[in-house]
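See below for target.pdb, which holds PDB, C-alpha atoms.
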```pdb
ATOM      1  CA  MET A   1     -50.080 -20.372  -4.113
ATOM      2  CA  ASN A   2     -47.048 -21.963  -5.659
ATOM      3  CA  ALA A   3     -47.601 -25.561  -4.676
ATOM      4  CA  THR A   4     -44.789 -27.830  -5.775
ATOM      5  CA  PHE A   5     -45.046 -31.433  -6.838
ATOM      6  CA  GLU A   6     -44.226 -34.065  -4.248
ATOM      7  CA  LEU A   7     -44.639 -37.767  -4.849
ATOM      8  CA  HIS A   8     -47.276 -39.350  -2.585
ATOM      9  CA  PRO A   9     -45.531 -41.364   0.177
ATOM     10  CA  ARG A  10     -47.425 -44.556  -0.704
ATOM     11  CA  LEU A  11     -46.301 -44.384  -4.352
ATOM     12  CA  ASP A  12     -42.800 -43.622  -3.156
ATOM     13  CA  ALA A  13     -42.814 -46.631  -0.828
ATOM     14  CA  ASP A  14     -44.166 -49.158  -3.354
ATOM     15  CA  THR A  15     -42.087 -48.257  -6.409
ATOM     16  CA  THR A  16     -38.615 -47.723  -7.839
ATOM     17  CA  LEU A  17     -37.829 -44.642  -9.920
ATOM     18  CA  ILE A  18     -37.085 -45.333 -13.582
ATOM     19  CA  CYS A  19     -36.845 -41.843 -15.076
ATOM     20  CA  ASP A  20     -38.555 -38.494 -15.583
ATOM     21  CA  LEU A  21     -40.167 -37.752 -18.941
ATOM     22  CA  ALA A  22     -41.018 -34.157 -19.894
ATOM     23  CA  LEU A  23     -44.096 -34.163 -17.667
ATOM     24  CA  SER A  24     -44.404 -37.510 -15.927
ATOM     25  CA  ARG A  25     -42.293 -39.420 -13.461
ATOM     26  CA  VAL A  26     -42.007 -43.082 -14.452
ATOM     27  CA  LEU A  27     -42.022 -45.561 -11.578
ATOM     28  CA  LEU A  28     -41.811 -49.356 -11.472
ATOM     29  CA  MET A  29     -44.199 -51.078  -9.070
ATOM     30  CA  ARG A  30     -42.213 -53.588  -7.046
ATOM     31  CA  ASP A  31     -44.373 -56.596  -7.844
ATOM     32  CA  ALA A  32     -42.541 -59.249  -9.840
ATOM     33  CA  ARG A  33     -45.808 -60.840 -10.993
ATOM     34  CA  TYR A  34     -46.317 -58.162 -13.657
ATOM     35  CA  PRO A  35     -44.138 -55.591 -15.443
ATOM     36  CA  TRP A  36     -46.064 -52.639 -13.980
ATOM     37  CA  LEU A  37     -45.211 -48.993 -14.549
ATOM     38  CA  ILE A  38     -46.834 -45.930 -13.043
ATOM     39  CA  LEU A  39     -46.761 -42.445 -14.583
ATOM     40  CA  VAL A  40     -47.196 -39.484 -12.261
ATOM     41  CA  PRO A  41     -47.550 -36.058 -13.914
ATOM     42  CA  ARG A  42     -45.283 -33.715 -11.924
ATOM     43  CA  ARG A  43     -47.963 -31.163 -11.111
ATOM     44  CA  ALA A  44     -49.209 -30.355  -7.614
ATOM     45  CA  ASN A  45     -52.679 -31.140  -6.322
ATOM     46  CA  LEU A  46     -54.015 -33.237  -9.187
ATOM     47  CA  ARG A  47     -56.543 -36.000  -8.594
ATOM     48  CA  GLU A  48     -58.241 -36.469 -11.954
ATOM     49  CA  LEU A  49     -57.085 -36.646 -15.585
ATOM     50  CA  HIS A  50     -59.616 -33.999 -16.576
ATOM     51  CA  GLN A  51     -58.030 -31.515 -14.153
ATOM     52  CA  LEU A  52     -54.955 -31.355 -16.392
ATOM     53  CA  GLN A  53     -54.557 -28.218 -18.504
ATOM     54  CA  ASP A  54     -55.054 -28.843 -22.229
ATOM     55  CA  GLU A  55     -51.355 -28.823 -23.016
ATOM     56  CA  ASP A  56     -50.533 -31.204 -20.163
ATOM     57  CA  LEU A  57     -53.386 -33.472 -21.193
ATOM     58  CA  GLY A  58     -51.901 -33.911 -24.656
ATOM     59  CA  GLN A  59     -48.455 -34.413 -23.181
ATOM     60  CA  VAL A  60     -49.629 -37.071 -20.721
ATOM     61  CA  MET A  61     -51.360 -38.945 -23.521
ATOM     62  CA  GLN A  62     -48.172 -38.862 -25.610
ATOM     63  CA  GLU A  63     -46.231 -40.178 -22.633
ATOM     64  CA  ILE A  64     -48.798 -42.916 -21.938
ATOM     65  CA  ALA A  65     -48.556 -44.008 -25.578
ATOM     66  CA  TRP A  66     -44.756 -43.874 -25.601
ATOM     67  CA  VAL A  67     -44.345 -45.843 -22.378
ATOM     68  CA  SER A  68     -47.019 -48.334 -23.464
ATOM     69  CA  ASP A  69     -45.281 -48.926 -26.772
ATOM     70  CA  ARG A  70     -41.877 -49.396 -25.148
ATOM     71  CA  LEU A  71     -43.166 -51.640 -22.333
ATOM     72  CA  SER A  72     -45.139 -53.722 -24.798
ATOM     73  CA  GLU A  73     -42.061 -54.194 -26.987
ATOM     74  CA  LEU A  74     -39.756 -54.988 -24.085
ATOM     75  CA  THR A  75     -42.056 -57.537 -22.451
ATOM     76  CA  GLN A  76     -43.820 -58.867 -25.548
ATOM     77  CA  ALA A  77     -47.051 -58.233 -23.651
ATOM     78  CA  PHE A  78     -50.221 -59.938 -24.825
ATOM     79  CA  LYS A  79     -52.248 -56.915 -23.653
ATOM     80  CA  LEU A  80     -51.624 -53.634 -21.878
ATOM     81  CA  ASN A  81     -53.849 -52.385 -19.085
ATOM     82  CA  VAL A  82     -53.862 -48.585 -18.731
ATOM     83  CA  ALA A  83     -55.768 -47.048 -15.841
ATOM     84  CA  ALA A  84     -56.146 -43.958 -13.682
ATOM     85  CA  LEU A  85     -58.076 -45.130 -10.613
ATOM     86  CA  GLY A  86     -56.903 -43.304  -7.483
ATOM     87  CA  ASN A  87     -59.461 -44.713  -5.065
ATOM     88  CA  GLN A  88     -56.785 -45.449  -2.496
ATOM     89  CA  VAL A  89     -53.973 -43.023  -3.380
ATOM     90  CA  PRO A  90     -55.483 -39.659  -4.285
ATOM     91  CA  GLN A  91     -52.516 -38.257  -6.279
ATOM     92  CA  LEU A  92     -53.153 -38.597 -10.034
ATOM     93  CA  HIS A  93     -51.198 -41.578 -11.310
ATOM     94  CA  ILE A  94     -51.618 -43.795 -14.358
ATOM     95  CA  HIS A  95     -50.970 -47.528 -14.250
ATOM     96  CA  ILE A  96     -49.468 -49.154 -17.364
ATOM     97  CA  ILE A  97     -49.312 -52.902 -16.836
ATOM     98  CA  ALA A  98     -48.003 -55.534 -19.244
ATOM     99  CA  ARG A  99     -50.286 -58.546 -19.128
ATOM    100  CA  GLN A 100     -49.784 -62.125 -20.297
ATOM    101  CA  GLN A 101     -52.386 -64.821 -20.651
ATOM    102  CA  ASN A 102     -50.645 -66.919 -18.003
ATOM    103  CA  ASP A 103     -50.046 -64.190 -15.402
ATOM    104  CA  ALA A 104     -51.299 -64.333 -11.806
ATOM    105  CA  ALA A 105     -54.563 -62.446 -12.410
ATOM    106  CA  TRP A 106     -55.448 -63.061 -16.076
ATOM    107  CA  PRO A 107     -58.041 -62.289 -17.427
ATOM    108  CA  ASN A 108     -58.975 -60.125 -14.449
ATOM    109  CA  PRO A 109     -57.475 -56.746 -13.606
ATOM    110  CA  VAL A 110     -54.485 -57.001 -11.267
ATOM    111  CA  TRP A 111     -55.747 -54.878  -8.386
ATOM    112  CA  GLY A 112     -56.733 -56.689  -5.211
ATOM    113  CA  ILE A 113     -55.514 -60.094  -6.412
ATOM    114  CA  GLY A 114     -53.115 -61.767  -3.961
ATOM    115  CA  ASP A 115     -50.012 -60.100  -2.548
ATOM    116  CA  PRO A 116     -47.144 -58.390  -4.368
ATOM    117  CA  LEU A 117     -44.222 -60.682  -5.114
ATOM    118  CA  PRO A 118     -40.909 -58.973  -4.333
ATOM    119  CA  TYR A 119     -38.231 -58.805  -7.051
ATOM    120  CA  ASP A 120     -34.859 -60.171  -6.092
ATOM    121  CA  ASP A 121     -32.221 -57.444  -6.173
ATOM    122  CA  ASN A 122     -30.504 -58.609  -9.318
ATOM    123  CA  GLU A 123     -33.750 -59.081 -11.237
ATOM    124  CA  LEU A 124     -34.879 -55.604 -10.200
ATOM    125  CA  ALA A 125     -31.613 -53.989 -11.263
ATOM    126  CA  VAL A 126     -31.675 -55.709 -14.664
ATOM    127  CA  LEU A 127     -35.284 -54.717 -15.322
ATOM    128  CA  CYS A 128     -34.751 -51.105 -14.267
ATOM    129  CA  THR A 129     -31.752 -50.794 -16.573
ATOM    130  CA  ALA A 130     -33.676 -52.325 -19.464
ATOM    131  CA  LEU A 131     -36.635 -49.982 -18.883
ATOM    132  CA  GLU A 132     -34.438 -46.928 -18.581
ATOM    133  CA  GLY A 133     -32.706 -47.811 -21.844
ATOM    134  CA  SER A 134     -35.972 -48.543 -23.566
ATOM    135  CA  LEU A 135     -37.529 -45.227 -22.490
ATOM    136  CA  GLN A 136     -34.600 -43.142 -23.694
ATOM    137  CA  GLY A 137     -35.201 -41.147 -26.830
ATOM    138  CA  ALA A 138     -38.749 -40.138 -25.929
ATOM    139  CA  ASN A 139     -39.787 -37.237 -28.126
ATOM    140  CA  THR A 140     -41.590 -35.980 -25.070
TER
ATOM    141  CA  MET B   1     -57.907 -52.907 -46.880
ATOM    142  CA  ASN B   2     -60.733 -50.593 -45.993
ATOM    143  CA  ALA B   3     -61.839 -52.090 -42.724
ATOM    144  CA  THR B   4     -64.806 -50.299 -41.228
ATOM    145  CA  PHE B   5     -65.602 -49.828 -37.586
ATOM    146  CA  GLU B   6     -68.091 -52.219 -36.033
ATOM    147  CA  LEU B   7     -68.936 -52.251 -32.367
ATOM    148  CA  HIS B   8     -67.919 -55.509 -30.646
ATOM    149  CA  PRO B   9     -71.057 -57.631 -30.000
ATOM    150  CA  ARG B  10     -70.317 -57.911 -26.288
ATOM    151  CA  LEU B  11     -70.127 -54.127 -25.888
ATOM    152  CA  ASP B  12     -73.267 -53.811 -27.968
ATOM    153  CA  ALA B  13     -75.103 -56.304 -25.760
ATOM    154  CA  ASP B  14     -74.086 -54.790 -22.406
ATOM    155  CA  THR B  15     -74.619 -51.099 -23.125
ATOM    156  CA  THR B  16     -77.014 -48.420 -24.346
ATOM    157  CA  LEU B  17     -75.896 -45.844 -26.915
ATOM    158  CA  ILE B  18     -75.700 -42.285 -25.611
ATOM    159  CA  CYS B  19     -74.124 -40.396 -28.533
ATOM    160  CA  ASP B  20     -71.224 -40.188 -30.956
ATOM    161  CA  LEU B  21     -68.486 -37.619 -30.333
ATOM    162  CA  ALA B  22     -66.113 -36.636 -33.143
ATOM    163  CA  LEU B  23     -64.106 -39.841 -32.730
ATOM    164  CA  SER B  24     -65.637 -41.945 -29.975
ATOM    165  CA  ARG B  25     -68.961 -43.655 -29.480
ATOM    166  CA  VAL B  26     -70.278 -43.061 -25.960
ATOM    167  CA  LEU B  27     -72.073 -46.003 -24.372
ATOM    168  CA  LEU B  28     -73.711 -46.468 -20.974
ATOM    169  CA  MET B  29     -73.015 -49.772 -19.234
ATOM    170  CA  ARG B  30     -76.322 -51.180 -18.043
ATOM    171  CA  ASP B  31     -75.297 -51.619 -14.409
ATOM    172  CA  ALA B  32     -77.278 -49.399 -12.055
ATOM    173  CA  ARG B  33     -74.674 -49.760  -9.296
ATOM    174  CA  TYR B  34     -72.408 -47.185 -10.946
ATOM    175  CA  PRO B  35     -72.783 -44.430 -13.554
ATOM    176  CA  TRP B  36     -70.454 -46.149 -16.013
ATOM    177  CA  LEU B  37     -69.652 -44.874 -19.502
ATOM    178  CA  ILE B  38     -67.552 -46.496 -22.192
ATOM    179  CA  LEU B  39     -65.833 -44.646 -25.041
ATOM    180  CA  VAL B  40     -65.060 -46.598 -28.196
ATOM    181  CA  PRO B  41     -62.963 -44.813 -30.837
ATOM    182  CA  ARG B  42     -64.677 -45.521 -34.163
ATOM    183  CA  ARG B  43     -61.637 -46.970 -35.895
ATOM    184  CA  ALA B  44     -61.333 -50.542 -37.103
ATOM    185  CA  ASN B  45     -58.984 -53.130 -35.628
ATOM    186  CA  LEU B  46     -57.720 -51.247 -32.587
ATOM    187  CA  ARG B  47     -56.715 -53.056 -29.414
ATOM    188  CA  GLU B  48     -54.373 -50.657 -27.638
ATOM    189  CA  LEU B  49     -54.338 -46.908 -26.944
ATOM    190  CA  HIS B  50     -50.825 -46.647 -28.353
ATOM    191  CA  GLN B  51     -52.027 -47.975 -31.710
ATOM    192  CA  LEU B  52     -53.962 -44.748 -32.279
ATOM    193  CA  GLN B  53     -52.478 -42.296 -34.764
ATOM    194  CA  ASP B  54     -51.129 -39.109 -33.123
ATOM    195  CA  GLU B  55     -54.124 -37.012 -34.098
ATOM    196  CA  ASP B  56     -56.604 -39.603 -32.856
ATOM    197  CA  LEU B  57     -54.641 -39.995 -29.641
ATOM    198  CA  GLY B  58     -55.023 -36.306 -28.842
ATOM    199  CA  GLN B  59     -58.682 -36.437 -29.812
ATOM    200  CA  VAL B  60     -59.427 -39.449 -27.605
ATOM    201  CA  MET B  61     -57.751 -37.749 -24.655
ATOM    202  CA  GLN B  62     -59.868 -34.613 -25.221
ATOM    203  CA  GLU B  63     -62.964 -36.786 -25.334
ATOM    204  CA  ILE B  64     -61.967 -38.701 -22.192
ATOM    205  CA  ALA B  65     -61.464 -35.397 -20.375
ATOM    206  CA  TRP B  66     -64.726 -33.931 -21.658
ATOM    207  CA  VAL B  67     -66.824 -36.969 -20.765
ATOM    208  CA  SER B  68     -65.076 -37.271 -17.380
ATOM    209  CA  ASP B  69     -65.800 -33.649 -16.573
ATOM    210  CA  ARG B  70     -69.456 -33.913 -17.585
ATOM    211  CA  LEU B  71     -70.041 -37.245 -15.813
ATOM    212  CA  SER B  72     -68.335 -35.973 -12.677
ATOM    213  CA  GLU B  73     -70.513 -32.858 -12.663
ATOM    214  CA  LEU B  74     -73.730 -34.748 -13.353
ATOM    215  CA  THR B  75     -73.180 -37.415 -10.695
ATOM    216  CA  GLN B  76     -71.175 -35.388  -8.166
ATOM    217  CA  ALA B  77     -68.707 -38.269  -8.226
ATOM    218  CA  PHE B  78     -66.210 -38.584  -5.393
ATOM    219  CA  LYS B  79     -63.675 -40.067  -7.832
ATOM    220  CA  LEU B  80     -63.525 -41.080 -11.465
ATOM    221  CA  ASN B  81     -61.976 -44.327 -12.614
ATOM    222  CA  VAL B  82     -60.650 -44.213 -16.184
ATOM    223  CA  ALA B  83     -59.296 -47.406 -17.722
ATOM    224  CA  ALA B  84     -58.470 -49.170 -20.973
ATOM    225  CA  LEU B  85     -58.158 -52.849 -20.057
ATOM    226  CA  GLY B  86     -59.476 -55.079 -22.853
ATOM    227  CA  ASN B  87     -58.515 -58.438 -21.362
ATOM    228  CA  GLN B  88     -61.937 -59.879 -22.141
ATOM    229  CA  VAL B  89     -63.212 -57.717 -25.019
ATOM    230  CA  PRO B  90     -60.352 -57.051 -27.417
ATOM    231  CA  GLN B  91     -61.799 -53.958 -29.141
ATOM    232  CA  LEU B  92     -60.217 -50.786 -27.721
ATOM    233  CA  HIS B  93     -62.656 -49.226 -25.250
ATOM    234  CA  ILE B  94     -62.173 -46.840 -22.356
ATOM    235  CA  HIS B  95     -64.175 -47.133 -19.150
ATOM    236  CA  ILE B  96     -65.123 -43.893 -17.358
ATOM    237  CA  ILE B  97     -66.830 -44.755 -14.079
ATOM    238  CA  ALA B  98     -68.221 -42.362 -11.481
ATOM    239  CA  ARG B  99     -67.385 -43.680  -8.021
ATOM    240  CA  GLN B 100     -68.811 -42.843  -4.616
ATOM    241  CA  GLN B 101     -67.434 -43.818  -1.240
ATOM    242  CA  ASN B 102     -70.560 -45.838  -0.505
ATOM    243  CA  ASP B 103     -70.865 -47.683  -3.820
ATOM    244  CA  ALA B 104     -70.930 -51.472  -4.190
ATOM    245  CA  ALA B 105     -67.187 -51.917  -4.773
ATOM    246  CA  TRP B 106     -65.512 -48.961  -3.039
ATOM    247  CA  PRO B 107     -62.546 -48.596  -2.609
ATOM    248  CA  ASN B 108     -61.841 -51.425  -5.036
ATOM    249  CA  PRO B 109     -62.127 -51.251  -8.809
ATOM    250  CA  VAL B 110     -65.568 -52.304 -10.082
ATOM    251  CA  TRP B 111     -64.550 -55.184 -12.345
ATOM    252  CA  GLY B 112     -65.340 -58.675 -11.134
ATOM    253  CA  ILE B 113     -67.313 -57.512  -8.096
ATOM    254  CA  GLY B 114     -70.796 -59.056  -7.900
ATOM    255  CA  ASP B 115     -73.317 -58.998 -10.737
ATOM    256  CA  PRO B 116     -74.625 -56.064 -12.756
ATOM    257  CA  LEU B 117     -77.814 -54.549 -11.361
ATOM    258  CA  PRO B 118     -80.311 -53.819 -14.139
ATOM    259  CA  TYR B 119     -81.741 -50.303 -14.460
ATOM    260  CA  ASP B 120     -85.503 -50.091 -14.486
ATOM    261  CA  ASP B 121     -86.766 -48.706 -17.787
ATOM    262  CA  ASN B 122     -87.730 -45.305 -16.476
ATOM    263  CA  GLU B 123     -84.480 -44.813 -14.569
ATOM    264  CA  LEU B 124     -82.496 -45.776 -17.684
ATOM    265  CA  ALA B 125     -84.426 -43.380 -19.907
ATOM    266  CA  VAL B 126     -83.958 -40.485 -17.480
ATOM    267  CA  LEU B 127     -80.236 -41.126 -17.119
ATOM    268  CA  CYS B 128     -79.676 -41.463 -20.872
ATOM    269  CA  THR B 129     -81.473 -38.179 -21.510
ATOM    270  CA  ALA B 130     -79.468 -36.433 -18.806
ATOM    271  CA  LEU B 131     -76.192 -37.784 -20.186
ATOM    272  CA  GLU B 132     -77.053 -36.887 -23.748
ATOM    273  CA  GLY B 133     -77.897 -33.353 -22.673
ATOM    274  CA  SER B 134     -74.766 -33.077 -20.576
ATOM    275  CA  LEU B 135     -72.510 -34.250 -23.399
ATOM    276  CA  GLN B 136     -73.905 -31.812 -25.945
ATOM    277  CA  GLY B 137     -71.666 -28.916 -26.819
ATOM    278  CA  ALA B 138     -68.481 -30.946 -26.872
ATOM    279  CA  ASN B 139     -65.803 -28.988 -28.685
ATOM    280  CA  THR B 140     -64.690 -32.295 -30.049
TER
END
```
What would you get if you wrote out this structure as structure tokens?
Amino acid sequence: MNATFELHPRLDADTTLICDLALSRVLLMRDARYPWLILVPRRANLRELHQLQDEDLGQVMQEIAWVSDRLSELTQAFKLNVAALGNQVPQLHIHIIARQQNDAAWPNPVWGIGDPLPYDDNELAVLCTALEGSLQGANT
Amino acid sequence: MNATFELHPRLDADTTLICDLALSRVLLMRDARYPWLILVPRRANLRELHQLQDEDLGQVMQEIAWVSDRLSELTQAFKLNVAALGNQVPQLHIHIIARQQNDAAWPNPVWGIGDPLPYDDNELAVLCTALEGSLQGANT
């Protein structure tokens, strides 16, 4: 069994690729209401964080912390929300969402609140470039 | 500045202590609808995962994985939900919730859905003992 990693079609459909870190793919959720990143460890057949091998577990945590720090800095977030849920999309993925006290769902979690707001093309391009630049230099 | 760790009063009020791991306090949320644990790293003045020092970050991830594995085994969970939100209670705390496909919120996240269902005293005592036993032997 040499299963290879493939991004779940639902994650692929809802997001734009930012970059690959050493272990995780970094995706931007296309919902202009919140700066919302998703990390997907590039390992096949993972559903739960605790299924990661020890070394990968440490690496994912480093990547979560790195992306959180960069996203927080870039957006001047009031609070970050970090979550691995996976009730609807079974492939292990970690949400990292920059929250503000005046955003569409505050102080609730973002899931299940209203409908995604599309980015306009220019806004999306600018944000992706800023994120890509900000995530360069990861020691991961 | 030698700030000491103190559990946030809201977390204290809503939970029952299970045990202390090397870094994190393990609490049970008193909501009988879901087996719902909360880890609180015993460090003062933390709000975000990425504020943890490198060593603590690795330790917290080990503890998240250990508690997730044990809770999953004990409850035969269909899925775990792991999240650090902190929009309402600013002290860094990590939810680890055992989900079933027939639980009160499935497939949505649990936050903001209905009201907590109290445990009866006997049920709570049995669950706390089982969790305490299950979490013994942590290599953390």
**Q.** Protein/DNA/RNA residues near (-39.2, -38.1, -27.5), cut 10 Å, only C-alpha atoms, as a ChimeraX atom specification
**A.** /A:21-22,62-63,66,135-140
Q: Given the file shown, determine the residues that the ChimeraX specification (/B :<9) & /A selects; report them as a ChimeraX atom specification.
A: /A:47-52,54,57-59,61-62,64-69,79-88,90,99,101,106-109,111-112
Residues of the last selection are to be written out with C-alpha atoms, as a PDB file, keeping the file's coordinate frame.
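For reference, part_18.pdb as written:
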```
ATOM      1  CA  ARG A  47     -56.543 -36.000  -8.594  1.00  0.00           C
ATOM      2  CA  GLU A  48     -58.241 -36.469 -11.954  1.00  0.00           C
ATOM      3  CA  LEU A  49     -57.085 -36.646 -15.585  1.00  0.00           C
ATOM      4  CA  HIS A  50     -59.616 -33.999 -16.576  1.00  0.00           C
ATOM      5  CA  GLN A  51     -58.030 -31.515 -14.153  1.00  0.00           C
ATOM      6  CA  LEU A  52     -54.955 -31.355 -16.392  1.00  0.00           C
ATOM      7  CA  ASP A  54     -55.054 -28.843 -22.229  1.00  0.00           C
ATOM      8  CA  LEU A  57     -53.386 -33.472 -21.193  1.00  0.00           C
ATOM      9  CA  GLY A  58     -51.901 -33.911 -24.656  1.00  0.00           C
ATOM     10  CA  GLN A  59     -48.455 -34.413 -23.181  1.00  0.00           C
ATOM     11  CA  MET A  61     -51.360 -38.945 -23.521  1.00  0.00           C
ATOM     12  CA  GLN A  62     -48.172 -38.862 -25.610  1.00  0.00           C
ATOM     13  CA  ILE A  64     -48.798 -42.916 -21.938  1.00  0.00           C
ATOM     14  CA  ALA A  65     -48.556 -44.008 -25.578  1.00  0.00           C
ATOM     15  CA  TRP A  66     -44.756 -43.874 -25.601  1.00  0.00           C
ATOM     16  CA  VAL A  67     -44.345 -45.843 -22.378  1.00  0.00           C
ATOM     17  CA  SER A  68     -47.019 -48.334 -23.464  1.00  0.00           C
ATOM     18  CA  ASP A  69     -45.281 -48.926 -26.772  1.00  0.00           C
ATOM     19  CA  LYS A  79     -52.248 -56.915 -23.653  1.00  0.00           C
ATOM     20  CA  LEU A  80     -51.624 -53.634 -21.878  1.00  0.00           C
ATOM     21  CA  ASN A  81     -53.849 -52.385 -19.085  1.00  0.00           C
ATOM     22  CA  VAL A  82     -53.862 -48.585 -18.731  1.00  0.00           C
ATOM     23  CA  ALA A  83     -55.768 -47.048 -15.841  1.00  0.00           C
ATOM     24  CA  ALA A  84     -56.146 -43.958 -13.682  1.00  0.00           C
ATOM     25  CA  LEU A  85     -58.076 -45.130 -10.613  1.00  0.00           C
ATOM     26  CA  GLY A  86     -56.903 -43.304  -7.483  1.00  0.00           C
ATOM     27  CA  ASN A  87     -59.461 -44.713  -5.065  1.00  0.00           C
ATOM     28  CA  GLN A  88     -56.785 -45.449  -2.496  1.00  0.00           C
ATOM     29  CA  PRO A  90     -55.483 -39.659  -4.285  1.00  0.00           C
ATOM     30  CA  ARG A  99     -50.286 -58.546 -19.128  1.00  0.00           C
ATOM     31  CA  GLN A 101     -52.386 -64.821 -20.651  1.00  0.00           C
ATOM     32  CA  TRP A 106     -55.448 -63.061 -16.076  1.00  0.00           C
ATOM     33  CA  PRO A 107     -58.041 -62.289 -17.427  1.00  0.00           C
ATOM     34  CA  ASN A 108     -58.975 -60.125 -14.449  1.00  0.00           C
ATOM     35  CA  PRO A 109     -57.475 -56.746 -13.606  1.00  0.00           C
ATOM     36  CA  TRP A 111     -55.747 -54.878  -8.386  1.00  0.00           C
ATOM     37  CA  GLY A 112     -56.733 -56.689  -5.211  1.00  0.00           C
TER      38      GLY A 112
END
```
Spell out the residues picked by the PyMOL selection byres ((chain B and resi 115) around 12) here, as a CSV table (one decimal) with C-alpha atoms, in the frame of the given file.
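What follows is the written file expr28.csv:
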```
chain,number,residue,atom,x,y,z
B,30,ARG,CA,-76.3,-51.2,-18.0
B,31,ASP,CA,-75.3,-51.6,-14.4
B,32,ALA,CA,-77.3,-49.4,-12.1
B,33,ARG,CA,-74.7,-49.8,-9.3
B,34,TYR,CA,-72.4,-47.2,-10.9
B,104,ALA,CA,-70.9,-51.5,-4.2
B,105,ALA,CA,-67.2,-51.9,-4.8
B,110,VAL,CA,-65.6,-52.3,-10.1
B,111,TRP,CA,-64.6,-55.2,-12.3
B,112,GLY,CA,-65.3,-58.7,-11.1
B,113,ILE,CA,-67.3,-57.5,-8.1
B,114,GLY,CA,-70.8,-59.1,-7.9
B,116,PRO,CA,-74.6,-56.1,-12.8
B,117,LEU,CA,-77.8,-54.5,-11.4
B,118,PRO,CA,-80.3,-53.8,-14.1
```
Q: Compare B:Leu71, B:Leu127, B:Gln91, B:Ala98 by their minimum atom-to-atom distance to Asp12 of chain B, counting only C-alpha atoms, and give me the closest one.
A: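 Once distances to Asp12 of chain B are computed over only C-alpha atoms, the minimum belongs to B:Gln91.
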**Q.** From A:Glu73, A:His93, A:Leu23, A:Pro41, residue lying nearest Arg10 of chain A [all atoms listed in the file]
**A.**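 Ranking A:Glu73, A:His93, A:Leu23, A:Pro41 by distance to Arg10 of chain A, first place goes to A:His93.
Using only C-alpha atoms, the smallest distance between any of B:Asn45, B:Ser134, B:Gln76, B:Asn102 and Thr4 of chain B comes from B:Asn45.
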Q: May I ask for the distance between atom CA of Glu55 of chain B and atom CA of Phe5 of chain B, given in Å to one decimal place?
A: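 Interatomic distance here is 17.6 Å.
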Quick one: which residues end up in the PyMOL selection byres ((chain A and resi 11) around 10) for this structure, as a PDB file with C-alpha atoms, keeping the file's coordinate frame?
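Listing of result-v2.pdb after writing:
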```pdb
ATOM      1  CA  LEU A   7     -44.639 -37.767  -4.849  1.00  0.00           C
ATOM      2  CA  HIS A   8     -47.276 -39.350  -2.585  1.00  0.00           C
ATOM      3  CA  PRO A   9     -45.531 -41.364   0.177  1.00  0.00           C
ATOM      4  CA  ARG A  10     -47.425 -44.556  -0.704  1.00  0.00           C
ATOM      5  CA  ASP A  12     -42.800 -43.622  -3.156  1.00  0.00           C
ATOM      6  CA  ALA A  13     -42.814 -46.631  -0.828  1.00  0.00           C
ATOM      7  CA  ASP A  14     -44.166 -49.158  -3.354  1.00  0.00           C
ATOM      8  CA  THR A  15     -42.087 -48.257  -6.409  1.00  0.00           C
ATOM      9  CA  THR A  16     -38.615 -47.723  -7.839  1.00  0.00           C
ATOM     10  CA  LEU A  27     -42.022 -45.561 -11.578  1.00  0.00           C
ATOM     11  CA  LEU A  28     -41.811 -49.356 -11.472  1.00  0.00           C
ATOM     12  CA  MET A  29     -44.199 -51.078  -9.070  1.00  0.00           C
ATOM     13  CA  ILE A  38     -46.834 -45.930 -13.043  1.00  0.00           C
ATOM     14  CA  VAL A  40     -47.196 -39.484 -12.261  1.00  0.00           C
ATOM     15  CA  VAL A  89     -53.973 -43.023  -3.380  1.00  0.00           C
ATOM     16  CA  GLN A  91     -52.516 -38.257  -6.279  1.00  0.00           C
ATOM     17  CA  HIS A  93     -51.198 -41.578 -11.310  1.00  0.00           C
TER      18      HIS A  93
END
```
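With all atoms listed in the file taken into account, every residue lying no more than 6 Å from the file point (-78.4, -38.1, -27.7) is included here: Ile18, Cys19 and Glu132 of chain B.
For the atom pair formed by atom CA of Leu92 of chain B and atom CA of Arg25 of chain B, the distance is 11.4 Å, given to one decimal.
If you look at atom CA of Thr129 of chain B and atom CA of Asp56 of chain B, they are 27.4 Å away from each other.
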(Q) Taking all atoms listed in the file into account, name the residue in B:Ala3, B:Thr75, B:Val26, B:Leu17 that is nearest to Leu46 of chain B. (A)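 Nearest to Leu46 of chain B: B:Ala3.
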Where is the centre and how long are the edges: axis-aligned box on segment 107-123 of chain B, 6 Å on each side, Å to one decimal, as lines of an AutoDock Vina configuration file:
```
center_x = -74.8
center_y = -51.9
center_z = -10.2
size_x = 37.9
size_y = 26.2
size_z = 27.2
```
